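As structure tokens, the structure follows; a few thoughts come after it.
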Amino acid sequence: PSVVNTLEYGQIQIIKSTADGNKTAAALNGAVFEVYNSETAAESRDKNGLVDTITTGTHVINGSTVEGVGFSDAQLAFGTNLISIEVSAPGGYAVNSTIKEADLASGNRLVSVEFENEPTVSIEITKRDSVTDALLAGAEFELYEAVDDGDGGTKPGSTPIATATTGDDGKLTFSNLAPNTTYYYKEKTAPSGYVPDTEYHEVTTKAYTAGATSENLKTAVTVKNDRYARLTVLSG
């Protein structure tokens with residue numbers, strides 16, 4: 001007699017939560033996760049190793065409506081260890097970059113993986129005259145992610161992730177940033193009549209703390225510019 005082997009499949013369930021306890025659909029739904037066949041593929045986002053994409057949403061589970069849950073659609077064979085990573089978070093929350101394993105080797109038909117998101121933070125830059133301390137409008141800044149410099153440290157990424165210009169109050173804000181994360185800012189255009197600062201400057205955002213307001217989570221930086229020297233010609 002012939003022997004028929006049946007290949008069984010498992011499923012990954014993503015469960016979202018927030019560090020500030022927000023359980024609304026806006027805070028939990030719409031997070032996008034990618035599932036890879038190895039940690040190496042996940043770290044490099046190698047699409048050749050991409051197994052499935054999961055988006056969190058509203059589901060009815062055991063008769064109750066829940067937010068922030070997503071399920072894999074692909075057929076995931078038992079006996080495999082798959083890697084989940086978040087690639088997009090709901091608005092107002094930072095991506096959780098932790099790589100997590102979904103172990104299907106145990107034969108579980110449903111393996112749950114939990115991810116918590118922290119609220120985003122901001123950087124506020126204030127532009128002033130180096131002598132008079134006057135607030136300066138029209139200074140344009142670029143913000144860069146920090147990347148590995150290959151020597152144990154970091155350096156600015158090759159492309160800015162955001163650009164902003166100081167208003168009449170001399171201020172600009174870079175929002176929706178990850179907490180406790182290193183960035184670099186650089187002045188792209190100085191106010192008229194001022195010497196531009198062409199250096200990259202490192203700044204680390206504040207870590208999230210329970211109960212903190214958006215103002216508490218703002219990292220404030222002051223940048224001062226020198227005026228160009230003026231040459232006065234006296235006729236004899």
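If you're wondering about the labels, chains in the structure tokens are A, B, ... by order shown, residues count from 1 in each chain, ligands from 1 in order shown.
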Point to revise | Selection near A:Leu177, 6 Å with only C-alpha atoms, sequence-local residues under 4 positions removed, as a list in words | key: Thr120, Val121 and Ser122 of chain A
**Study point:** DSSP helix (DSSP H, G or I) residues within stretch 39-78 of chain A, as a VMD selection string
**Key:** chain A and resid 39 to 44 47 to 49
Review point. If you count only C-alpha atoms, which residues fall within 8 Å of A:Thr163, apart from same-chain ones fewer than 4 positions away, as a ChimeraX atom specification?
Key: /A:140-143
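Note that the spacing between atom CA of A:Ala89 and atom CA of A:Lys188 amounts to 29.1 Å.
Take the candidates A:Gln11, A:Tyr208, A:Val195, A:Val147 and check each one against A:Ala229 using only C-alpha atoms; the shortest distance goes to A:Val195.
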Practice item. Pick out the residues sitting within 12 Å of A:Ile123, and hand them over as a ChimeraX atom specification; count only C-alpha atoms, and ignore anything fewer than 2 positions along from it in its own chain. Key: /A:120-121,125-126,141-143,162,164,171-185,202-206,214-222
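When atom CA of A:Gly92 is paired with atom CA of A:Gly170, their separation reads 25.0 Å.
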Check your understanding: Do you know which residues are at most 12 Å from stretch 96-112 of chain A counting only C-alpha atoms, after dropping those on the same chain fewer than 4 positions away, and could you put them as an MDAnalysis selection string?
Key -> chainID A and resid 7:19 31:45 69:72 75:90 116:120 177:179 181
Could you take the residues named above and write them with C-alpha atoms, as a PDB file, in the first residue's frame?
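Writing done, so here's result31.pdb:
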```
ATOM      1  CA  LEU A   7       2.181  18.605   5.046  1.00  0.00           C
ATOM      2  CA  GLU A   8       0.631  20.719   7.779  1.00  0.00           C
ATOM      3  CA  TYR A   9       0.859  24.462   7.984  1.00  0.00           C
ATOM      4  CA  GLY A  10       1.019  26.989  10.787  1.00  0.00           C
ATOM      5  CA  GLN A  11       0.077  30.624  11.095  1.00  0.00           C
ATOM      6  CA  ILE A  12       1.703  33.670  12.697  1.00  0.00           C
ATOM      7  CA  GLN A  13      -0.397  36.067  14.746  1.00  0.00           C
ATOM      8  CA  ILE A  14       0.987  39.556  15.389  1.00  0.00           C
ATOM      9  CA  ILE A  15      -0.326  41.315  18.502  1.00  0.00           C
ATOM     10  CA  LYS A  16       0.272  45.051  18.862  1.00  0.00           C
ATOM     11  CA  SER A  17       0.364  47.143  22.023  1.00  0.00           C
ATOM     12  CA  THR A  18       1.498  50.646  22.920  1.00  0.00           C
ATOM     13  CA  ALA A  19       3.786  51.844  25.700  1.00  0.00           C
ATOM     14  CA  ALA A  31       1.171  48.400  11.445  1.00  0.00           C
ATOM     15  CA  VAL A  32       2.994  46.464   8.728  1.00  0.00           C
ATOM     16  CA  PHE A  33       5.287  43.496   9.407  1.00  0.00           C
ATOM     17  CA  GLU A  34       7.458  41.422   7.135  1.00  0.00           C
ATOM     18  CA  VAL A  35       8.181  37.748   7.764  1.00  0.00           C
ATOM     19  CA  TYR A  36      11.518  36.356   6.563  1.00  0.00           C
ATOM     20  CA  ASN A  37      13.003  32.884   6.348  1.00  0.00           C
ATOM     21  CA  SER A  38      16.174  33.880   8.233  1.00  0.00           C
ATOM     22  CA  GLU A  39      17.536  36.564  10.543  1.00  0.00           C
ATOM     23  CA  THR A  40      20.129  37.507   7.923  1.00  0.00           C
ATOM     24  CA  ALA A  41      17.402  38.150   5.352  1.00  0.00           C
ATOM     25  CA  ALA A  42      15.407  40.197   7.876  1.00  0.00           C
ATOM     26  CA  GLU A  43      18.375  42.369   8.819  1.00  0.00           C
ATOM     27  CA  SER A  44      19.153  43.188   5.181  1.00  0.00           C
ATOM     28  CA  ARG A  45      15.487  43.229   4.085  1.00  0.00           C
ATOM     29  CA  VAL A  69      -4.024  41.954  15.494  1.00  0.00           C
ATOM     30  CA  GLY A  70      -2.753  40.574  12.198  1.00  0.00           C
ATOM     31  CA  PHE A  71      -2.431  37.095  10.709  1.00  0.00           C
ATOM     32  CA  SER A  72      -0.148  35.602   8.079  1.00  0.00           C
ATOM     33  CA  GLN A  75       1.250  28.640   4.018  1.00  0.00           C
ATOM     34  CA  LEU A  76       3.961  28.352   6.678  1.00  0.00           C
ATOM     35  CA  ALA A  77       5.303  24.835   7.059  1.00  0.00           C
ATOM     36  CA  PHE A  78       5.924  23.326  10.479  1.00  0.00           C
ATOM     37  CA  GLY A  79       9.537  22.783  11.376  1.00  0.00           C
ATOM     38  CA  THR A  80      10.646  26.285  10.440  1.00  0.00           C
ATOM     39  CA  ASN A  81      11.770  29.289  12.432  1.00  0.00           C
ATOM     40  CA  LEU A  82      10.557  32.506  10.823  1.00  0.00           C
ATOM     41  CA  ILE A  83      11.649  36.032  11.624  1.00  0.00           C
ATOM     42  CA  SER A  84       9.217  38.937  12.033  1.00  0.00           C
ATOM     43  CA  ILE A  85      10.158  42.614  11.824  1.00  0.00           C
ATOM     44  CA  GLU A  86       8.034  45.761  11.849  1.00  0.00           C
ATOM     45  CA  VAL A  87       8.513  48.017   8.819  1.00  0.00           C
ATOM     46  CA  SER A  88       5.739  50.579   9.362  1.00  0.00           C
ATOM     47  CA  ALA A  89       4.011  51.746  12.555  1.00  0.00           C
ATOM     48  CA  PRO A  90       0.669  53.500  13.099  1.00  0.00           C
ATOM     49  CA  GLU A 116       5.021  47.181  21.571  1.00  0.00           C
ATOM     50  CA  ASN A 117       5.325  50.669  20.070  1.00  0.00           C
ATOM     51  CA  GLU A 118       6.469  53.797  21.860  1.00  0.00           C
ATOM     52  CA  PRO A 119       5.087  57.237  20.964  1.00  0.00           C
ATOM     53  CA  THR A 120       7.266  59.280  18.642  1.00  0.00           C
ATOM     54  CA  LEU A 177      11.107  60.505  15.423  1.00  0.00           C
ATOM     55  CA  ALA A 178      12.089  57.357  17.302  1.00  0.00           C
ATOM     56  CA  PRO A 179      12.800  57.752  21.043  1.00  0.00           C
ATOM     57  CA  THR A 181      17.767  57.401  18.875  1.00  0.00           C
TER      58      THR A 181
END
```
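Atom CA of A:Ala212 to atom CA of A:Gly21 spans 12.4 Å [interatomic distance, one decimal].
Using only C-alpha atoms, the residues found no farther than 7 Å from A:Gly68, other than those of its own chain fewer than 3 positions away, are Ile15, Lys16, Ala25, Leu28, Asn29, Thr56, Gly57 and Thr58 of chain A.
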Output file for the selection above: N, CA, C and O atoms, as a PDB file, in the first residue's frame:
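And here is the file that came out, result_19.pdb:
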```
ATOM      1  N   ILE A  15       0.485  40.587  17.523  1.00  0.00           N
ATOM      2  CA  ILE A  15      -0.326  41.315  18.502  1.00  0.00           C
ATOM      3  C   ILE A  15       0.379  42.617  18.835  1.00  0.00           C
ATOM      4  O   ILE A  15       1.525  42.621  19.286  1.00  0.00           O
ATOM      5  N   LYS A  16      -0.308  43.731  18.607  1.00  0.00           N
ATOM      6  CA  LYS A  16       0.272  45.051  18.862  1.00  0.00           C
ATOM      7  C   LYS A  16      -0.175  45.597  20.206  1.00  0.00           C
ATOM      8  O   LYS A  16      -1.287  45.345  20.672  1.00  0.00           O
ATOM      9  N   ALA A  25      -8.129  51.933  17.748  1.00  0.00           N
ATOM     10  CA  ALA A  25      -7.791  51.395  16.429  1.00  0.00           C
ATOM     11  C   ALA A  25      -6.707  52.231  15.761  1.00  0.00           C
ATOM     12  O   ALA A  25      -5.821  51.698  15.085  1.00  0.00           O
ATOM     13  N   LEU A  28      -3.287  51.126  17.029  1.00  0.00           N
ATOM     14  CA  LEU A  28      -2.880  49.727  16.906  1.00  0.00           C
ATOM     15  C   LEU A  28      -2.993  49.162  15.490  1.00  0.00           C
ATOM     16  O   LEU A  28      -2.251  48.243  15.124  1.00  0.00           O
ATOM     17  N   ASN A  29      -3.916  49.690  14.703  1.00  0.00           N
ATOM     18  CA  ASN A  29      -4.152  49.122  13.381  1.00  0.00           C
ATOM     19  C   ASN A  29      -3.297  49.780  12.309  1.00  0.00           C
ATOM     20  O   ASN A  29      -2.926  50.955  12.419  1.00  0.00           O
ATOM     21  N   THR A  56      -1.723  44.752  10.773  1.00  0.00           N
ATOM     22  CA  THR A  56      -2.647  44.641  11.900  1.00  0.00           C
ATOM     23  C   THR A  56      -3.956  45.367  11.598  1.00  0.00           C
ATOM     24  O   THR A  56      -3.990  46.362  10.880  1.00  0.00           O
ATOM     25  N   GLY A  57      -5.032  44.855  12.194  1.00  0.00           N
ATOM     26  CA  GLY A  57      -6.347  45.447  11.978  1.00  0.00           C
ATOM     27  C   GLY A  57      -7.321  44.996  13.050  1.00  0.00           C
ATOM     28  O   GLY A  57      -6.919  44.509  14.117  1.00  0.00           O
ATOM     29  N   THR A  58      -8.608  45.143  12.766  1.00  0.00           N
ATOM     30  CA  THR A  58      -9.669  44.755  13.698  1.00  0.00           C
ATOM     31  C   THR A  58     -10.141  43.341  13.375  1.00  0.00           C
ATOM     32  O   THR A  58     -10.440  43.030  12.226  1.00  0.00           O
TER      33      THR A  58
END
```
